[in-house]
file model-v1.pdb (PDB, C-alpha atoms)
MODEL        1
ATOM      1  CA  MET A  12      31.723  60.179 -13.607
ATOM      2  CA  ILE A  13      27.925  60.642 -13.536
ATOM      3  CA  PRO A  14      26.968  63.999 -11.968
ATOM      4  CA  GLU A  15      23.365  62.825 -11.318
ATOM      5  CA  LEU A  16      24.689  60.399  -8.665
ATOM      6  CA  ALA A  17      25.680  63.417  -6.549
ATOM      7  CA  LYS A  18      22.030  64.507  -6.126
ATOM      8  CA  ALA A  19      20.853  64.754  -2.507
ATOM      9  CA  SER A  20      18.066  62.260  -3.240
ATOM     10  CA  VAL A  21      20.599  59.521  -4.158
ATOM     11  CA  LEU A  22      21.725  57.080  -1.451
ATOM     12  CA  MET A  23      24.413  54.440  -1.953
ATOM     13  CA  ARG A  24      25.770  51.852   0.458
ATOM     14  CA  ASP A  25      28.998  51.403  -1.506
ATOM     15  CA  ARG A  26      29.670  54.156  -3.999
ATOM     16  CA  SER A  27      32.960  52.755  -5.317
ATOM     17  CA  ARG A  28      31.358  49.362  -6.080
ATOM     18  CA  VAL A  29      28.545  51.146  -7.964
ATOM     19  CA  GLU A  30      31.101  53.078 -10.027
ATOM     20  CA  GLU A  31      33.157  49.948 -10.748
ATOM     21  CA  THR A  32      30.028  48.089 -11.878
ATOM     22  CA  ILE A  33      28.926  50.924 -14.166
ATOM     23  CA  GLN A  34      32.404  51.091 -15.717
ATOM     24  CA  ALA A  35      32.494  47.313 -16.250
ATOM     25  CA  MET A  36      29.062  47.467 -17.879
ATOM     26  CA  GLN A  37      30.234  50.306 -20.132
ATOM     27  CA  ARG A  38      33.274  48.291 -21.234
ATOM     28  CA  ALA A  39      30.992  45.370 -22.157
ATOM     29  CA  GLY A  40      28.691  47.752 -24.074
ATOM     30  CA  PRO A  41      24.984  47.732 -24.937
ATOM     31  CA  ASP A  42      25.127  44.309 -26.634
ATOM     32  CA  ALA A  43      25.799  42.678 -23.236
ATOM     33  CA  LEU A  44      23.007  44.585 -21.450
ATOM     34  CA  GLN A  45      19.400  43.832 -20.581
ATOM     35  CA  VAL A  46      17.094  45.990 -18.453
ATOM     36  CA  ILE A  47      14.489  44.534 -16.101
ATOM     37  CA  SER A  48      12.013  46.911 -14.503
ATOM     38  CA  ASP A  49       8.930  46.931 -12.351
ATOM     39  CA  PHE A  50       6.118  49.155 -13.667
ATOM     40  CA  ASP A  51       3.775  50.611 -11.040
ATOM     41  CA  MET A  52       5.545  53.390  -9.092
ATOM     42  CA  THR A  53       8.840  52.533 -10.837
ATOM     43  CA  LEU A  54       8.324  53.468 -14.478
ATOM     44  CA  SER A  55       5.062  55.164 -13.565
ATOM     45  CA  ARG A  56       4.930  58.054 -11.113
ATOM     46  CA  PHE A  57       4.110  57.584  -7.458
ATOM     47  CA  ALA A  58       2.760  61.137  -7.119
ATOM     48  CA  HIS A  59       2.398  64.377  -9.037
ATOM     49  CA  ASN A  60       1.944  67.791  -7.407
ATOM     50  CA  GLY A  61       1.440  66.084  -4.037
ATOM     51  CA  LYS A  62      -1.346  63.799  -5.290
ATOM     52  CA  ARG A  63      -0.955  60.021  -5.600
ATOM     53  CA  CYS A  64      -0.970  58.669  -9.144
ATOM     54  CA  PRO A  65      -2.911  55.481  -9.900
ATOM     55  CA  THR A  66      -1.435  52.013 -10.296
ATOM     56  CA  THR A  67      -2.606  49.845 -13.192
ATOM     57  CA  HIS A  68      -5.200  48.282 -10.853
ATOM     58  CA  ASN A  69      -6.378  51.744  -9.701
ATOM     59  CA  ILE A  70      -6.939  52.870 -13.311
ATOM     60  CA  LEU A  71      -9.930  50.500 -13.327
ATOM     61  CA  ASP A  72     -11.507  52.708 -10.630
ATOM     62  CA  ASN A  73     -13.672  54.257 -13.337
ATOM     63  CA  ASP A  74     -17.473  54.360 -13.737
ATOM     64  CA  LEU A  75     -17.040  52.982 -17.256
ATOM     65  CA  LEU A  76     -15.744  49.713 -15.815
ATOM     66  CA  ILE A  77     -16.805  49.123 -12.206
ATOM     67  CA  ASN A  78     -19.681  50.197  -9.967
ATOM     68  CA  ASP A  79     -19.481  52.133  -6.684
ATOM     69  CA  ALA A  80     -19.895  49.060  -4.468
ATOM     70  CA  CYS A  81     -16.922  47.381  -6.188
ATOM     71  CA  LYS A  82     -14.816  50.569  -5.910
ATOM     72  CA  LYS A  83     -15.547  50.713  -2.194
ATOM     73  CA  MET A  84     -14.543  47.080  -1.639
ATOM     74  CA  ILE A  85     -11.303  47.510  -3.630
ATOM     75  CA  ARG A  86     -10.426  50.587  -1.528
ATOM     76  CA  GLN A  87     -11.109  48.672   1.675
ATOM     77  CA  LEU A  88      -8.763  45.922   0.478
ATOM     78  CA  LEU A  89      -6.087  48.531  -0.314
ATOM     79  CA  ASN A  90      -6.430  50.086   3.153
ATOM     80  CA  THR A  91      -6.121  46.642   4.724
ATOM     81  CA  TYR A  92      -3.262  45.179   2.708
ATOM     82  CA  TYR A  93      -1.055  48.055   1.466
ATOM     83  CA  PRO A  94       0.193  48.808   5.010
ATOM     84  CA  ILE A  95       1.168  45.117   5.271
ATOM     85  CA  GLU A  96       2.996  45.237   1.919
ATOM     86  CA  ILE A  97       5.232  48.131   3.021
ATOM     87  CA  ASP A  98       5.534  47.170   6.710
ATOM     88  CA  ALA A  99       9.266  47.230   7.461
ATOM     89  CA  THR A 100       8.791  45.066  10.579
ATOM     90  CA  ARG A 101       7.377  42.006   8.746
ATOM     91  CA  THR A 102       9.344  39.470   6.728
ATOM     92  CA  VAL A 103       8.475  38.619   3.125
ATOM     93  CA  GLU A 104       7.323  35.183   4.328
ATOM     94  CA  GLU A 105       4.858  36.835   6.705
ATOM     95  CA  LYS A 106       3.559  39.094   3.950
ATOM     96  CA  LEU A 107       3.119  36.389   1.275
ATOM     97  CA  PRO A 108      -0.292  34.959   2.255
ATOM     98  CA  HIS A 109      -1.696  38.473   2.676
ATOM     99  CA  MET A 110      -0.551  39.483  -0.804
ATOM    100  CA  VAL A 111      -2.158  36.389  -2.352
ATOM    101  CA  GLU A 112      -5.422  37.171  -0.496
ATOM    102  CA  TRP A 113      -5.316  40.795  -1.655
ATOM    103  CA  TRP A 114      -4.640  40.156  -5.355
ATOM    104  CA  THR A 115      -7.048  37.203  -5.523
ATOM    105  CA  SER A 116      -9.854  39.205  -3.883
ATOM    106  CA  VAL A 117      -9.373  42.158  -6.238
ATOM    107  CA  HIS A 118      -9.287  39.922  -9.312
ATOM    108  CA  GLU A 119     -12.462  38.121  -8.209
ATOM    109  CA  LEU A 120     -14.223  41.475  -7.763
ATOM    110  CA  LEU A 121     -13.101  42.609 -11.221
ATOM    111  CA  ILE A 122     -14.358  39.393 -12.855
ATOM    112  CA  GLN A 123     -17.789  39.937 -11.225
ATOM    113  CA  GLN A 124     -17.935  43.381 -12.887
ATOM    114  CA  LYS A 125     -17.803  41.850 -16.385
ATOM    115  CA  ILE A 126     -15.300  44.456 -17.560
ATOM    116  CA  ARG A 127     -15.326  45.132 -21.309
ATOM    117  CA  ARG A 128     -12.044  45.046 -23.210
ATOM    118  CA  ASP A 129     -13.132  47.811 -25.598
ATOM    119  CA  LEU A 130     -13.382  50.311 -22.708
ATOM    120  CA  LEU A 131      -9.849  49.828 -21.305
ATOM    121  CA  ALA A 132      -8.163  52.370 -23.599
ATOM    122  CA  GLN A 133     -10.728  55.010 -22.659
ATOM    123  CA  ALA A 134     -10.248  54.316 -18.936
ATOM    124  CA  VAL A 135      -6.476  54.767 -19.324
ATOM    125  CA  LYS A 136      -7.007  58.016 -21.257
ATOM    126  CA  GLN A 137      -9.308  59.385 -18.537
ATOM    127  CA  SER A 138      -6.971  58.412 -15.688
ATOM    128  CA  SER A 139      -4.235  60.518 -14.091
ATOM    129  CA  ALA A 140      -1.619  57.804 -14.697
ATOM    130  CA  MET A 141       1.754  59.273 -15.658
ATOM    131  CA  LEU A 142       5.127  57.828 -16.488
ATOM    132  CA  ARG A 143       8.118  59.335 -14.678
ATOM    133  CA  GLU A 144       9.651  62.490 -16.087
ATOM    134  CA  GLY A 145      12.301  61.499 -18.633
ATOM    135  CA  TYR A 146      10.516  58.245 -19.559
ATOM    136  CA  LYS A 147      10.733  58.930 -23.309
ATOM    137  CA  VAL A 148      14.526  59.295 -23.192
ATOM    138  CA  PHE A 149      14.694  55.983 -21.277
ATOM    139  CA  PHE A 150      12.467  53.948 -23.618
ATOM    140  CA  ASP A 151      13.882  55.524 -26.790
ATOM    141  CA  ARG A 152      17.518  55.040 -25.754
ATOM    142  CA  LEU A 153      16.919  51.341 -25.090
ATOM    143  CA  GLN A 154      15.215  50.949 -28.462
ATOM    144  CA  GLU A 155      17.972  52.843 -30.325
ATOM    145  CA  GLN A 156      20.651  50.673 -28.720
ATOM    146  CA  GLN A 157      18.545  47.508 -29.227
ATOM    147  CA  VAL A 158      18.685  46.722 -25.506
ATOM    148  CA  PRO A 159      15.779  44.491 -24.411
ATOM    149  CA  LEU A 160      13.502  45.916 -21.710
ATOM    150  CA  LEU A 161      11.562  43.400 -19.644
ATOM    151  CA  ILE A 162       8.744  45.037 -17.699
ATOM    152  CA  PHE A 163       7.888  42.680 -14.870
ATOM    153  CA  SER A 164       4.705  43.774 -13.143
ATOM    154  CA  ALA A 165       2.341  42.558 -10.454
ATOM    155  CA  GLY A 166      -0.178  44.965 -11.961
ATOM    156  CA  LEU A 167      -2.478  44.430 -14.927
ATOM    157  CA  GLY A 168      -0.694  43.707 -18.196
ATOM    158  CA  ASP A 169      -3.552  44.876 -20.430
ATOM    159  CA  ILE A 170      -3.644  48.275 -18.698
ATOM    160  CA  LEU A 171       0.161  48.573 -18.498
ATOM    161  CA  GLU A 172       0.487  47.988 -22.257
ATOM    162  CA  GLU A 173      -2.184  50.587 -22.923
ATOM    163  CA  VAL A 174      -0.373  53.174 -20.753
ATOM    164  CA  ILE A 175       2.914  52.738 -22.610
ATOM    165  CA  ARG A 176       1.091  52.605 -25.971
ATOM    166  CA  GLN A 177      -0.679  55.906 -25.257
ATOM    167  CA  ASN A 178       2.689  57.414 -24.292
ATOM    168  CA  HIS A 179       4.106  56.220 -27.663
ATOM    169  CA  VAL A 180       6.923  54.131 -26.178
ATOM    170  CA  PHE A 181       5.713  50.556 -26.724
ATOM    171  CA  HIS A 182       8.742  49.729 -28.855
ATOM    172  CA  PRO A 183       9.553  46.258 -30.294
ATOM    173  CA  ASN A 184      12.283  45.686 -27.659
ATOM    174  CA  VAL A 185       9.723  45.790 -24.818
ATOM    175  CA  HIS A 186       8.543  42.483 -23.325
ATOM    176  CA  VAL A 187       5.952  42.340 -20.513
ATOM    177  CA  ILE A 188       5.384  39.712 -17.821
ATOM    178  CA  SER A 189       2.273  40.581 -15.829
ATOM    179  CA  ASN A 190      -1.276  39.587 -14.856
ATOM    180  CA  TYR A 191      -3.307  39.454 -18.065
ATOM    181  CA  MET A 192      -7.073  39.444 -18.351
ATOM    182  CA  ASP A 193      -8.827  36.629 -20.165
ATOM    183  CA  PHE A 194     -11.812  37.879 -22.184
ATOM    184  CA  ASP A 195     -14.601  35.767 -23.658
ATOM    185  CA  GLN A 196     -15.548  35.922 -27.361
ATOM    186  CA  SER A 197     -17.707  38.994 -26.791
ATOM    187  CA  GLY A 198     -14.810  40.834 -25.109
ATOM    188  CA  VAL A 199     -16.006  40.520 -21.497
ATOM    189  CA  LEU A 200     -13.597  39.670 -18.659
ATOM    190  CA  ARG A 201     -14.095  36.094 -17.484
ATOM    191  CA  ALA A 202     -10.833  35.206 -15.703
ATOM    192  CA  PHE A 203      -7.143  36.006 -15.368
ATOM    193  CA  LYS A 204      -4.510  34.077 -17.316
ATOM    194  CA  GLY A 205      -1.702  31.990 -15.867
ATOM    195  CA  GLN A 206      -0.131  32.163 -12.447
ATOM    196  CA  LEU A 207      -0.895  35.162 -10.239
ATOM    197  CA  ILE A 208       2.025  37.608  -9.958
ATOM    198  CA  HIS A 209       2.095  39.733  -6.800
ATOM    199  CA  THR A 210       4.784  41.923  -5.250
ATOM    200  CA  PHE A 211       6.663  39.115  -3.532
ATOM    201  CA  ASN A 212       6.588  36.154  -5.926
ATOM    202  CA  LYS A 213       8.462  37.634  -8.863
ATOM    203  CA  ARG A 214      11.217  35.055  -8.434
ATOM    204  CA  GLU A 215       8.735  32.271  -9.280
ATOM    205  CA  GLY A 216       7.433  34.357 -12.189
ATOM    206  CA  ALA A 217      10.966  34.812 -13.489
ATOM    207  CA  LEU A 218      11.668  31.091 -13.336
ATOM    208  CA  LEU A 219       8.380  30.298 -15.112
ATOM    209  CA  HIS A 220       9.492  32.526 -17.989
ATOM    210  CA  ALA A 221      12.878  30.854 -18.361
ATOM    211  CA  ALA A 222      12.525  30.782 -22.175
ATOM    212  CA  HIS A 223      12.544  34.601 -22.292
ATOM    213  CA  PHE A 224      15.763  34.723 -20.287
ATOM    214  CA  ARG A 225      17.375  31.933 -22.336
ATOM    215  CA  GLU A 226      16.977  34.061 -25.469
ATOM    216  CA  LEU A 227      18.989  36.753 -23.695
ATOM    217  CA  GLN A 228      21.806  34.562 -22.374
ATOM    218  CA  GLU A 229      24.319  36.520 -24.478
ATOM    219  CA  ARG A 230      23.409  39.539 -22.331
ATOM    220  CA  PRO A 231      24.906  38.825 -18.899
ATOM    221  CA  ASN A 232      24.696  42.419 -17.582
ATOM    222  CA  VAL A 233      21.503  43.525 -15.885
ATOM    223  CA  LEU A 234      20.204  46.952 -14.932
ATOM    224  CA  LEU A 235      17.261  46.407 -12.563
ATOM    225  CA  LEU A 236      14.723  49.030 -11.449
ATOM    226  CA  GLY A 237      12.147  48.510  -8.705
ATOM    227  CA  ASP A 238      10.263  50.139  -5.862
ATOM    228  CA  SER A 239       9.959  47.248  -3.408
ATOM    229  CA  LEU A 240      12.315  44.657  -1.962
ATOM    230  CA  GLY A 241      10.315  41.996  -3.816
ATOM    231  CA  ASP A 242      11.458  43.504  -7.117
ATOM    232  CA  LEU A 243      15.055  42.456  -6.435
ATOM    233  CA  THR A 244      14.162  38.862  -7.406
ATOM    234  CA  MET A 245      13.044  39.863 -10.936
ATOM    235  CA  ALA A 246      16.466  38.966 -12.360
ATOM    236  CA  ASP A 247      16.517  35.489 -10.802
ATOM    237  CA  GLY A 248      15.721  34.004 -14.216
ATOM    238  CA  VAL A 249      19.022  35.314 -15.616
ATOM    239  CA  ALA A 250      21.235  32.218 -15.536
ATOM    240  CA  HIS A 251      24.724  33.727 -15.656
ATOM    241  CA  THR A 252      24.804  37.307 -14.486
ATOM    242  CA  GLN A 253      28.167  38.974 -14.906
ATOM    243  CA  HIS A 254      27.364  42.470 -13.614
ATOM    244  CA  ALA A 255      24.114  43.640 -12.048
ATOM    245  CA  LEU A 256      23.202  47.133 -10.912
ATOM    246  CA  THR A 257      19.998  47.644  -8.941
ATOM    247  CA  ILE A 258      18.163  50.958  -8.564
ATOM    248  CA  GLY A 259      15.354  51.273  -6.014
ATOM    249  CA  PHE A 260      12.769  54.069  -5.960
ATOM    250  CA  LEU A 261      11.913  54.758  -2.316
ATOM    251  CA  ASN A 262       8.564  56.496  -2.748
ATOM    252  CA  ASP A 263       6.776  56.092   0.550
ATOM    253  CA  GLN A 264       7.452  55.596   4.279
ATOM    254  CA  VAL A 265      10.988  56.794   3.668
ATOM    255  CA  GLU A 266      12.340  56.819   7.217
ATOM    256  CA  GLU A 267      10.906  53.397   8.098
ATOM    257  CA  ARG A 268      12.205  51.737   4.936
ATOM    258  CA  LYS A 269      15.399  53.653   4.166
ATOM    259  CA  GLU A 270      17.739  51.248   5.963
ATOM    260  CA  SER A 271      16.368  48.096   4.323
ATOM    261  CA  PHE A 272      16.445  49.745   0.863
ATOM    262  CA  VAL A 273      20.029  50.989   1.240
ATOM    263  CA  ASN A 274      21.096  47.523   2.436
ATOM    264  CA  SER A 275      19.379  45.833  -0.519
ATOM    265  CA  TYR A 276      19.635  48.125  -3.567
ATOM    266  CA  ASP A 277      22.912  49.468  -4.988
ATOM    267  CA  ILE A 278      21.355  52.891  -5.590
ATOM    268  CA  VAL A 279      18.312  54.261  -3.746
ATOM    269  CA  LEU A 280      16.363  57.244  -5.107
ATOM    270  CA  VAL A 281      14.380  59.006  -2.389
ATOM    271  CA  LYS A 282      11.113  60.610  -3.524
ATOM    272  CA  ASP A 283      12.540  61.180  -7.008
ATOM    273  CA  GLU A 284       9.750  61.296  -9.620
ATOM    274  CA  THR A 285      12.191  61.425 -12.553
ATOM    275  CA  MET A 286      14.204  58.968 -14.631
ATOM    276  CA  ASP A 287      17.260  61.276 -14.410
ATOM    277  CA  VAL A 288      19.532  58.809 -12.615
ATOM    278  CA  PRO A 289      18.619  55.684 -14.647
ATOM    279  CA  ASN A 290      18.907  57.764 -17.851
ATOM    280  CA  ALA A 291      22.355  59.074 -16.914
ATOM    281  CA  ILE A 292      23.587  55.557 -16.073
ATOM    282  CA  LEU A 293      22.067  54.116 -19.248
ATOM    283  CA  ASN A 294      23.621  56.866 -21.335
ATOM    284  CA  TYR A 295      27.031  56.181 -19.779
ATOM    285  CA  ILE A 296      26.838  52.402 -20.213
ATOM    286  CA  THR A 297      25.698  52.629 -23.849
ATOM    287  CA  THR A 298      28.254  55.255 -24.901
ATOM    288  CA  ALA A 299      31.525  53.788 -26.100
ATOM    289  CA  PRO A 300      34.421  54.623 -23.741
ATOM    290  CA  ALA A 301      36.814  57.282 -25.043
ATOM    291  CA  LYS A 302      39.859  55.723 -26.636
TER     292      LYS A 302
ENDMDL
END
call {"tool": "encode", "arguments": {"input": "model-v1.pdb", "output": "structure tokens"}}
result
Amino acid sequence: MIPELAKASVLMRDRSRVEETIQAMQRAGPDALQVISDFDMTLSRFAHNGKRCPTTHNILDNDLLINDACKKMIRQLLNTYYPIEIDATRTVEEKLPHMVEWWTSVHELLIQQKIRRDLLAQAVKQSSAMLREGYKVFFDRLQEQQVPLLIFSAGLGDILEEVIRQNHVFHPNVHVISNYMDFDQSGVLRAFKGQLIHTFNKREGALLHAAHFRELQERPNVLLLGDSLGDLTMADGVAHTQHALTIGFLNDQVEERKESFVNSYDIVLVKDETMDVPNAILNYITTAPAK
């Protein structure tokens, strides 16, 4: 049905259920579909040519924006907390307080740096951030078919928007829920807006944005893309889901996390830096079935 699903990097717990879901979603067509996706390491690349690509937070690791002492402290926080985030032996409940500490500490450091809004675009341009191969086909197809794309990110919304803007895919159908910076009248960072979103509280974030999901209640089919188990709660704001298909990018610590990913996501993509599989599924769902 979809040749890309036969790739060696694709793992599925229940192939026939995946195929049935895709066929049901195709029958319902693009008007019944919404797409919900994480950003960092899901729409953006995890690595390129063996080198890690930056997250939206890491893009700020630039002399334009922060000094060396701040960079060092942010790296120390990463080295402390990232292993906890991806630790397959800890429950989400055990990880929660650590994630709040991590994000809060980083945001406090950034506020102290008095980051200027007018330098963000330049920092993005100078960074090695990349969207996954095939991203343009993905964004453009959704726009052509008028399928809403909700990007739900624990990263930095201002940076995320700039990345997709510079890649020319910030189409009108794209809506972003993320951590946004609050700048004073002179354009200097003074705080962060709203409730903190981290990797494992996206359910709460989804429920806080109930109005967004209400607008889409005529779209009961959900294609969800993520790279952590916490991303699976991003669709919890969708009141009446008819069909949901979840695709998980397993980027790191593959052997340790493979079992939990395969048990949780419908489709798992192992170290796949492309959008080939999501694009093939999207193309199938949004193409009218042959009469």
call {"tool": "resolve_selection", "arguments": {"input": "model-v1.pdb", "expression": "the PyMOL selection byres ((chain A and resi 274) around 12)", "output": "ChimeraX atom specification"}}
result
/A:22-25,240,243,257-259,268-273,275-279
call {"tool": "resolve_selection", "arguments": {"input": "model-v1.pdb", "expression": "the PyMOL selection byres ((chain A and resi 92) around 10)", "output": "PyMOL selection string"}}
result
chain A and resi 86-91+93-98+106+109-110+112-114
call {"tool": "residues_near_point", "arguments": {"input": "model-v1.pdb", "point": "(10.3, 55.3, -20.6)", "cutoff": "10 Å", "atoms": "only C-alpha atoms", "output": "list in words"}}
result
Leu54, Ser55, Leu142, Arg143, Glu144, Gly145, Tyr146, Lys147, Val148, Phe149, Phe150, Asp151, Arg152, Leu153, Leu160, Ile175, Asn178, His179, Val180, Phe181, Met286 and Asn290 of chain A
call {"tool": "resolve_selection", "arguments": {"input": "model-v1.pdb", "expression": "the PyMOL selection byres ((chain A and resi 56) around 12)", "output": "JSON, numbers by chain"}}
result
{"A": [49, 50, 51, 52, 53, 54, 55, 57, 58, 59, 60, 61, 62, 63, 64, 65, 66, 67, 139, 140, 141, 142, 143, 144, 145, 146, 238, 260, 261, 262, 263, 282, 283, 284, 285, 286]}
call {"tool": "atom_distance", "arguments": {"input": "model-v1.pdb", "atom1": "atom CA of A:Thr102", "atom2": "atom CA of A:Val281"}}
result
22.1 Å
call {"tool": "axis_aligned_box", "arguments": {"input": "model-v1.pdb", "around": "stretch 64-78 of chain A", "padding_each_side": "8 Å", "output": "JSON"}}
result
{"center_x": -10.3, "center_y": 53.5, "center_z": -13.2, "size_x": 34.7, "size_y": 26.4, "size_z": 24.1}
call {"tool": "atom_distance", "arguments": {"input": "model-v1.pdb", "atom1": "atom CA of A:Met245", "atom2": "atom CA of A:Leu218"}}
result
9.2 Å
call {"tool": "closest_residue", "arguments": {"input": "model-v1.pdb", "among": "A:Ala99, A:Leu107, A:Leu171, A:Leu293", "to": "A:Gln154", "atoms": "only C-alpha atoms"}}
result
A:Leu293
call {"tool": "residues_near_point", "arguments": {"input": "model-v1.pdb", "point": "(-10.1, 45.5, -25.5)", "cutoff": "10 Å", "atoms": "all atoms listed in the file", "output": "list in words"}}
result
Ile126, Arg127, Arg128, Asp129, Leu130, Leu131, Ala132, Gln133, Asp169, Ile170, Glu173, Met192, Phe194, Gly198, Val199 and Leu200 of chain A
call {"tool": "closest_residue", "arguments": {"input": "model-v1.pdb", "among": "A:Lys83, A:Arg230, A:Lys204, A:His251", "to": "A:Leu44", "atoms": "all atoms listed in the file"}}
result
A:Arg230
call {"tool": "closest_residue", "arguments": {"input": "model-v1.pdb", "among": "A:His186, A:His220, A:His254, A:Arg214", "to": "A:Val29", "atoms": "all atoms listed in the file"}}
result
A:His254
call {"tool": "closest_residue", "arguments": {"input": "model-v1.pdb", "among": "A:Asn294, A:His182, A:Pro159, A:Asn190", "to": "A:Gln45", "atoms": "all atoms listed in the file"}}
result
A:Pro159
call {"tool": "closest_residue", "arguments": {"input": "model-v1.pdb", "among": "A:His209, A:Met84, A:Gly237, A:Lys125", "to": "A:Val103", "atoms": "all atoms listed in the file"}}
result
A:His209
call {"tool": "residues_around", "arguments": {"input": "model-v1.pdb", "residues": "A:Leu16", "least_positions_apart": "6", "cutoff": "10 Å", "atoms": "only C-alpha atoms", "output": "list in words"}}
result
Leu22, Met23, Arg26, Glu30, Ile278, Leu280, Asp287, Val288, Pro289, Ala291 and Ile292 of chain A
call {"tool": "atom_distance", "arguments": {"input": "model-v1.pdb", "atom1": "atom CA of A:Lys136", "atom2": "atom CA of A:Ile70"}}
result
9.5 Å
call {"tool": "residues_around", "arguments": {"input": "model-v1.pdb", "residues": "A:Leu227", "least_positions_apart": "2", "cutoff": "12 Å", "atoms": "all atoms listed in the file", "output": "PDB file with C-alpha atoms, in the coordinates of the input"}}
result
ATOM      1  CA  ASP A  42      25.127  44.309 -26.634  1.00  0.00           C
ATOM      2  CA  ALA A  43      25.799  42.678 -23.236  1.00  0.00           C
ATOM      3  CA  LEU A  44      23.007  44.585 -21.450  1.00  0.00           C
ATOM      4  CA  GLN A  45      19.400  43.832 -20.581  1.00  0.00           C
ATOM      5  CA  VAL A  46      17.094  45.990 -18.453  1.00  0.00           C
ATOM      6  CA  ILE A  47      14.489  44.534 -16.101  1.00  0.00           C
ATOM      7  CA  VAL A 158      18.685  46.722 -25.506  1.00  0.00           C
ATOM      8  CA  PRO A 159      15.779  44.491 -24.411  1.00  0.00           C
ATOM      9  CA  LEU A 160      13.502  45.916 -21.710  1.00  0.00           C
ATOM     10  CA  LEU A 161      11.562  43.400 -19.644  1.00  0.00           C
ATOM     11  CA  ASN A 184      12.283  45.686 -27.659  1.00  0.00           C
ATOM     12  CA  HIS A 186       8.543  42.483 -23.325  1.00  0.00           C
ATOM     13  CA  HIS A 220       9.492  32.526 -17.989  1.00  0.00           C
ATOM     14  CA  ALA A 221      12.878  30.854 -18.361  1.00  0.00           C
ATOM     15  CA  ALA A 222      12.525  30.782 -22.175  1.00  0.00           C
ATOM     16  CA  HIS A 223      12.544  34.601 -22.292  1.00  0.00           C
ATOM     17  CA  PHE A 224      15.763  34.723 -20.287  1.00  0.00           C
ATOM     18  CA  ARG A 225      17.375  31.933 -22.336  1.00  0.00           C
ATOM     19  CA  GLU A 229      24.319  36.520 -24.478  1.00  0.00           C
ATOM     20  CA  ARG A 230      23.409  39.539 -22.331  1.00  0.00           C
ATOM     21  CA  PRO A 231      24.906  38.825 -18.899  1.00  0.00           C
ATOM     22  CA  ASN A 232      24.696  42.419 -17.582  1.00  0.00           C
ATOM     23  CA  VAL A 233      21.503  43.525 -15.885  1.00  0.00           C
ATOM     24  CA  ALA A 246      16.466  38.966 -12.360  1.00  0.00           C
ATOM     25  CA  GLY A 248      15.721  34.004 -14.216  1.00  0.00           C
ATOM     26  CA  VAL A 249      19.022  35.314 -15.616  1.00  0.00           C
ATOM     27  CA  ALA A 250      21.235  32.218 -15.536  1.00  0.00           C
ATOM     28  CA  HIS A 251      24.724  33.727 -15.656  1.00  0.00           C
ATOM     29  CA  THR A 252      24.804  37.307 -14.486  1.00  0.00           C
TER      30      THR A 252
END
call {"tool": "closest_residue", "arguments": {"input": "model-v1.pdb", "among": "A:Glu104, A:Asp79, A:Glu155, A:Glu31", "to": "A:Leu120", "atoms": "only C-alpha atoms"}}
result
A:Asp79
